[in-house]
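A short worksheet on the structure shown next.
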Amino acid sequence: MSSGAVPAAGVESSDLWARVFAALYDPLLWMGEKAGMGARRRNLLSRARGRTVELGSGTGLNLGYYPDDLDELILTEPEPAMRTQLARRLRGSRRRAPVLDASAEQLPFEDGTVDTVVSTLVLCTVDDPDPVLREIGRVLRPGGQLLFLEHVRSESPRLSYWQDRLAGPWRRFAEGCHCNRATLELIRASGLKLEDVQEMPWRAMPPIVRPLITGAATKGEI
Ligand SMILES: C[S@@+](CC[C@H](N)C(=O)[O-])C[C@H]1O[C@@H](n2cnc3c(N)ncnc32)[C@H](O)[C@@H]1O
């Protein structure tokens with residue numbers, strides 16, 4: 001470091017884990033993608049249209065599933081280690097899309113200028129989903145849609161008990177992921193209008209992240 005400053009040990013190790021987690025992300029999800037998650041992504045993203053912004057793109061697992069006729073696809077990802085993996089996937093893909101270093105809490109778009117926002121496994125990870133949902137509502141055009149695919153808090157008391165018990169260690173392991181978050185209720189409370197919500201299991205993944213929801217939430221026309 002040119003300043004001669006030495007980062008705190010905790011910072012150093014969390015940077016290291018962020019890099020390890022980004023490198024392990026695809027192998028960790030591989031079985032789940034083959035067991036149905038890939039098909040869920042394909043179904044959801046076939047509904048994308050117009051100017052489309054993806055939040056927290058990670059390693060780019062959605063990249064191959066977008067329709068060819070989008071007006072524009074913009075990928076956002078605030079974590080440098082994930083952006084490195086994303087750039088690698090983009091280089092091996094025929095898809096061209098800019099990658100912005102942007103957090104979902106502060107998107108670099110004017111009000112009402114986006115047709116589709118995509119969030120897959122991101123609303124579980126952001127620190128506080130409420131400001132993120134407000135930001136999504138801000139950038140969407142009236143009639144624009146949030147397409148989501150998220151793992152959520154279980155409705156089974158037994159499983160939600162374990163989600164609560166394991167939330168701390170899981171968050172440290174999975175780079176901030178909250179396995180016990182009731183994301184569907186948060187989307188409903190945001191004022192976006194829920195459509196076509198489906199619930200299903202995330203097969204071949206640990207039980208605490210197995211309950212999945214997918215669907216669209218639309219911003220009302222003015
Ligand atoms: C579990 S990964 C999901 C990656 C990808 N969307 C997918 O479906 O595989 C969560 C992603 O959200 C990103 N993330 C974390 N905090 C974020 C924030 N505040 N805004 C946007 N993305 C964030 C992480 O860096 C990570 O890439």
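In the structure tokens, each chain is lettered A, B, ... as it comes, each chain's residues begin at 1, and ligands are numbered from 1 in order of appearance.
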Query raised in the report: Excluding same-chain residues fewer than 2 positions from Gly60 (chain A), what lies within 8 Å of it counting only C-alpha atoms, as a ChimeraX atom specification?
Result: /A:57-58,62-63,85-86,89-90
Report task. Would you mind listing the residues within 6 Å of ligand 1, counting only C-alpha atoms and all ligand atoms, as a list in words? Result -> Leu55, Gly56, Ser57, Gly58, Leu61, Glu77, Pro78, Glu79, Met82, Ser103, Ala104, Glu105, Thr120, Leu121, Val122, Thr125 and Val126 of chain A
Query - alpha helix (DSSP H) residues, from DSSP on the backbone, in region 14-153 of chain A, as a VMD selection string - result: chain A and resid 14 to 32 38 to 45 80 to 91 129 to 139
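One distance worth recording is that between CA of Leu146 (chain A) and CA of Leu45 (chain A), which is 10.7 Å.
Among the candidate residues A:Asp115, A:Glu150, A:Asp127, A:Glu110, the one lying nearest to Glu72 (chain A) is A:Asp115, with distances computed using only C-alpha atoms.
Using only C-alpha atoms, the shortest contact distance between Thr183 (chain A) and any of A:Ser156, A:Thr76, A:Ser119, A:Gln145 is found at A:Ser119.
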Report task. From region 60-135 of chain A, collect each residue whose DSSP state is strand (DSSP E) and return the set as JSON, numbers by chain. Result -> {"A": [72, 73, 74, 75, 76, 99, 100, 114, 115, 116, 117, 118, 119, 120]}
Could you turn the residues from that selection into a file that holds N, CA and C atoms, as a tab-separated table (two decimals), in the first residue's frame?
```tsv
chain	number	residue	atom	x	y	z
A	72	GLU	N	-31.72	-2.60	-23.67
A	72	GLU	CA	-30.43	-2.39	-23.01
A	72	GLU	C	-30.37	-3.32	-21.80
A	73	LEU	N	-29.20	-3.89	-21.54
A	73	LEU	CA	-29.00	-4.66	-20.30
A	73	LEU	C	-27.82	-4.05	-19.57
A	74	ILE	N	-28.05	-3.69	-18.30
A	74	ILE	CA	-26.99	-3.08	-17.49
A	74	ILE	C	-26.83	-3.93	-16.24
A	75	LEU	N	-25.62	-4.41	-16.00
A	75	LEU	CA	-25.34	-5.23	-14.83
A	75	LEU	C	-24.72	-4.36	-13.75
A	76	THR	N	-25.14	-4.56	-12.49
A	76	THR	CA	-24.53	-3.81	-11.40
A	76	THR	C	-24.00	-4.80	-10.37
A	99	VAL	N	-20.90	-3.28	-16.91
A	99	VAL	CA	-20.95	-3.66	-15.50
A	99	VAL	C	-20.65	-2.41	-14.68
A	100	LEU	N	-21.61	-2.00	-13.85
A	100	LEU	CA	-21.42	-0.80	-13.02
A	100	LEU	C	-21.12	-1.21	-11.58
A	114	VAL	N	-36.28	3.09	-16.00
A	114	VAL	CA	-35.94	1.67	-16.17
A	114	VAL	C	-37.23	0.87	-16.32
A	115	ASP	N	-37.24	-0.06	-17.29
A	115	ASP	CA	-38.44	-0.88	-17.51
A	115	ASP	C	-38.46	-2.13	-16.62
A	116	THR	N	-37.29	-2.72	-16.42
A	116	THR	CA	-37.21	-3.97	-15.66
A	116	THR	C	-36.02	-3.92	-14.71
A	117	VAL	N	-36.26	-4.21	-13.44
A	117	VAL	CA	-35.18	-4.41	-12.48
A	117	VAL	C	-35.19	-5.89	-12.13
A	118	VAL	N	-34.01	-6.51	-12.10
A	118	VAL	CA	-33.90	-7.94	-11.78
A	118	VAL	C	-33.16	-8.11	-10.46
A	119	SER	N	-33.75	-8.89	-9.57
A	119	SER	CA	-33.09	-9.23	-8.30
A	119	SER	C	-33.19	-10.73	-8.10
A	120	THR	N	-32.08	-11.44	-8.27
A	120	THR	CA	-32.06	-12.87	-7.96
A	120	THR	C	-31.07	-13.08	-6.84
```
Do a neighbour search on Ile222 (chain A) at 9 Å with only C-alpha atoms, toss out local chain neighbours closer than 2 positions, and write the hits as a short mmCIF file (atom, residue, chain, number, x, y, z; two decimals) with C-alpha atoms, in the first residue's frame.
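What follows is the written file around-v1.cif:
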```
data_model
loop_
_atom_site.label_atom_id
_atom_site.label_comp_id
_atom_site.auth_asym_id
_atom_site.auth_seq_id
_atom_site.Cartn_x
_atom_site.Cartn_y
_atom_site.Cartn_z
CA PRO A 142 -44.80 3.57 -14.18
CA GLY A 143 -45.79 0.09 -15.36
CA GLY A 220 -48.43 1.43 -10.62
#
```
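Distances to Pro98 (chain A) were evaluated for A:Arg138, A:Val53, A:Tyr66, A:Ile213 using only C-alpha atoms, and the minimum falls at A:Val53.
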Report task. Please identify all polymer residues within 10 Å of Pro207 (chain A), counting only C-alpha atoms, omitting same-chain residues fewer than 4 positions from it, and present them as a list in words. Result -> Ser154, Leu159, Trp162, Gln163, Cys179, Pro201, Trp202, Arg203 and Pro211 of chain A
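Between CA of Leu16 (chain A) and CA of Pro169 (chain A) the interatomic distance comes to 17.1 Å.
Shortest separation to Phe148 (chain A) among A:Val20, A:Ala39, A:Ala189, A:Leu123 occurs at residue A:Leu123, atoms counted being only C-alpha atoms.
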Requested in this report: Excluding Arg95 (chain A) and residues on its chain fewer than 2 positions from it, collect all residues at most 9 Å away from it, counting only C-alpha atoms, and give them as a VMD selection string.
Outcome: chain A and resid 63 to 64 68 90 to 93 97
Could you write out the selected residues, including N, CA and C atoms, as a PDB file, in the first residue's frame?
```pdb
ATOM      1  N   LEU A  63     -26.760 -14.446 -16.988  1.00  0.00           N
ATOM      2  CA  LEU A  63     -26.383 -13.829 -18.267  1.00  0.00           C
ATOM      3  C   LEU A  63     -26.963 -14.547 -19.491  1.00  0.00           C
ATOM      4  N   GLY A  64     -26.923 -15.868 -19.480  1.00  0.00           N
ATOM      5  CA  GLY A  64     -27.359 -16.626 -20.655  1.00  0.00           C
ATOM      6  C   GLY A  64     -28.863 -16.682 -20.829  1.00  0.00           C
ATOM      7  N   ASP A  68     -32.907 -11.801 -26.322  1.00  0.00           N
ATOM      8  CA  ASP A  68     -31.973 -11.072 -27.196  1.00  0.00           C
ATOM      9  C   ASP A  68     -32.465  -9.673 -27.534  1.00  0.00           C
ATOM     10  N   LEU A  90     -18.481 -12.695 -18.720  1.00  0.00           N
ATOM     11  CA  LEU A  90     -18.862 -11.863 -19.860  1.00  0.00           C
ATOM     12  C   LEU A  90     -17.913 -12.072 -21.035  1.00  0.00           C
ATOM     13  N   ARG A  91     -16.622 -12.222 -20.731  1.00  0.00           N
ATOM     14  CA  ARG A  91     -15.645 -12.429 -21.817  1.00  0.00           C
ATOM     15  C   ARG A  91     -15.941 -13.716 -22.574  1.00  0.00           C
ATOM     16  N   GLY A  92     -16.476 -14.728 -21.871  1.00  0.00           N
ATOM     17  CA  GLY A  92     -16.774 -15.998 -22.526  1.00  0.00           C
ATOM     18  C   GLY A  92     -18.183 -16.065 -23.099  1.00  0.00           C
ATOM     19  N   SER A  93     -18.889 -14.940 -23.068  1.00  0.00           N
ATOM     20  CA  SER A  93     -20.282 -14.936 -23.510  1.00  0.00           C
ATOM     21  C   SER A  93     -20.418 -14.055 -24.752  1.00  0.00           C
ATOM     22  N   ALA A  97     -22.730  -6.309 -22.140  1.00  0.00           N
ATOM     23  CA  ALA A  97     -23.464  -5.483 -21.169  1.00  0.00           C
ATOM     24  C   ALA A  97     -22.447  -4.759 -20.303  1.00  0.00           C
TER      25      ALA A  97
END
```
Report task. Excluding Met205 (chain A) and residues on its chain fewer than 6 positions from it, collect all residues at most 12 Å away from it, counting only C-alpha atoms, and give them as a VMD selection string. Result -> chain A and resid 27 to 37 151 211 to 212
Keeping only N, CA and C atoms, write the selected residues as an mmCIF file, in the first residue's frame.
```cif
data_model
loop_
_atom_site.group_PDB
_atom_site.id
_atom_site.type_symbol
_atom_site.label_atom_id
_atom_site.label_comp_id
_atom_site.auth_asym_id
_atom_site.auth_seq_id
_atom_site.Cartn_x
_atom_site.Cartn_y
_atom_site.Cartn_z
ATOM 1 N N PRO A 27 -19.331 -23.175 -8.105
ATOM 2 C CA PRO A 27 -19.336 -24.582 -7.683
ATOM 3 C C PRO A 27 -20.351 -24.868 -6.567
ATOM 4 N N LEU A 28 -20.514 -23.921 -5.627
ATOM 5 C CA LEU A 28 -21.464 -24.145 -4.532
ATOM 6 C C LEU A 28 -22.906 -24.216 -5.049
ATOM 7 N N LEU A 29 -23.190 -23.453 -6.102
ATOM 8 C CA LEU A 29 -24.575 -23.414 -6.621
ATOM 9 C C LEU A 29 -24.831 -24.436 -7.724
ATOM 10 N N TRP A 30 -23.770 -25.077 -8.198
ATOM 11 C CA TRP A 30 -23.854 -25.882 -9.423
ATOM 12 C C TRP A 30 -24.985 -26.911 -9.384
ATOM 13 N N MET A 31 -25.024 -27.700 -8.283
ATOM 14 C CA MET A 31 -26.059 -28.749 -8.186
ATOM 15 C C MET A 31 -27.454 -28.129 -8.226
ATOM 16 N N GLY A 32 -27.626 -27.036 -7.480
ATOM 17 C CA GLY A 32 -28.935 -26.370 -7.431
ATOM 18 C C GLY A 32 -29.346 -25.828 -8.794
ATOM 19 N N GLU A 33 -28.366 -25.303 -9.547
ATOM 20 C CA GLU A 33 -28.680 -24.780 -10.888
ATOM 21 C C GLU A 33 -29.170 -25.916 -11.779
ATOM 22 N N LYS A 34 -28.477 -27.057 -11.704
ATOM 23 C CA LYS A 34 -28.863 -28.215 -12.531
ATOM 24 C C LYS A 34 -30.208 -28.782 -12.083
ATOM 25 N N ALA A 35 -30.482 -28.685 -10.775
ATOM 26 C CA ALA A 35 -31.693 -29.312 -10.212
ATOM 27 C C ALA A 35 -32.917 -28.412 -10.333
ATOM 28 N N GLY A 36 -32.835 -27.337 -11.098
ATOM 29 C CA GLY A 36 -34.041 -26.541 -11.341
ATOM 30 C C GLY A 36 -33.865 -25.040 -11.249
ATOM 31 N N MET A 37 -32.801 -24.582 -10.565
ATOM 32 C CA MET A 37 -32.648 -23.139 -10.413
ATOM 33 C C MET A 37 -32.379 -22.473 -11.766
ATOM 34 N N HIS A 151 -34.571 -16.542 -2.023
ATOM 35 C CA HIS A 151 -34.904 -17.500 -0.953
ATOM 36 C C HIS A 151 -35.380 -16.712 0.255
ATOM 37 N N PRO A 211 -36.565 -22.552 0.895
ATOM 38 C CA PRO A 211 -37.832 -21.933 0.444
ATOM 39 C C PRO A 211 -37.568 -20.762 -0.515
ATOM 40 N N LEU A 212 -38.103 -20.881 -1.721
ATOM 41 C CA LEU A 212 -37.870 -19.869 -2.771
ATOM 42 C C LEU A 212 -39.178 -19.194 -3.143
#
```
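The space separating CA of Val139 (chain A) from CA of Asp71 (chain A) comes to 16.1 Å.
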Query raised in the report: Which of these, A:Ile208, A:Leu192, A:Ile187, A:Leu133, has the shortest distance to Ala167 (chain A) once you count only C-alpha atoms?
Result: A:Ile208
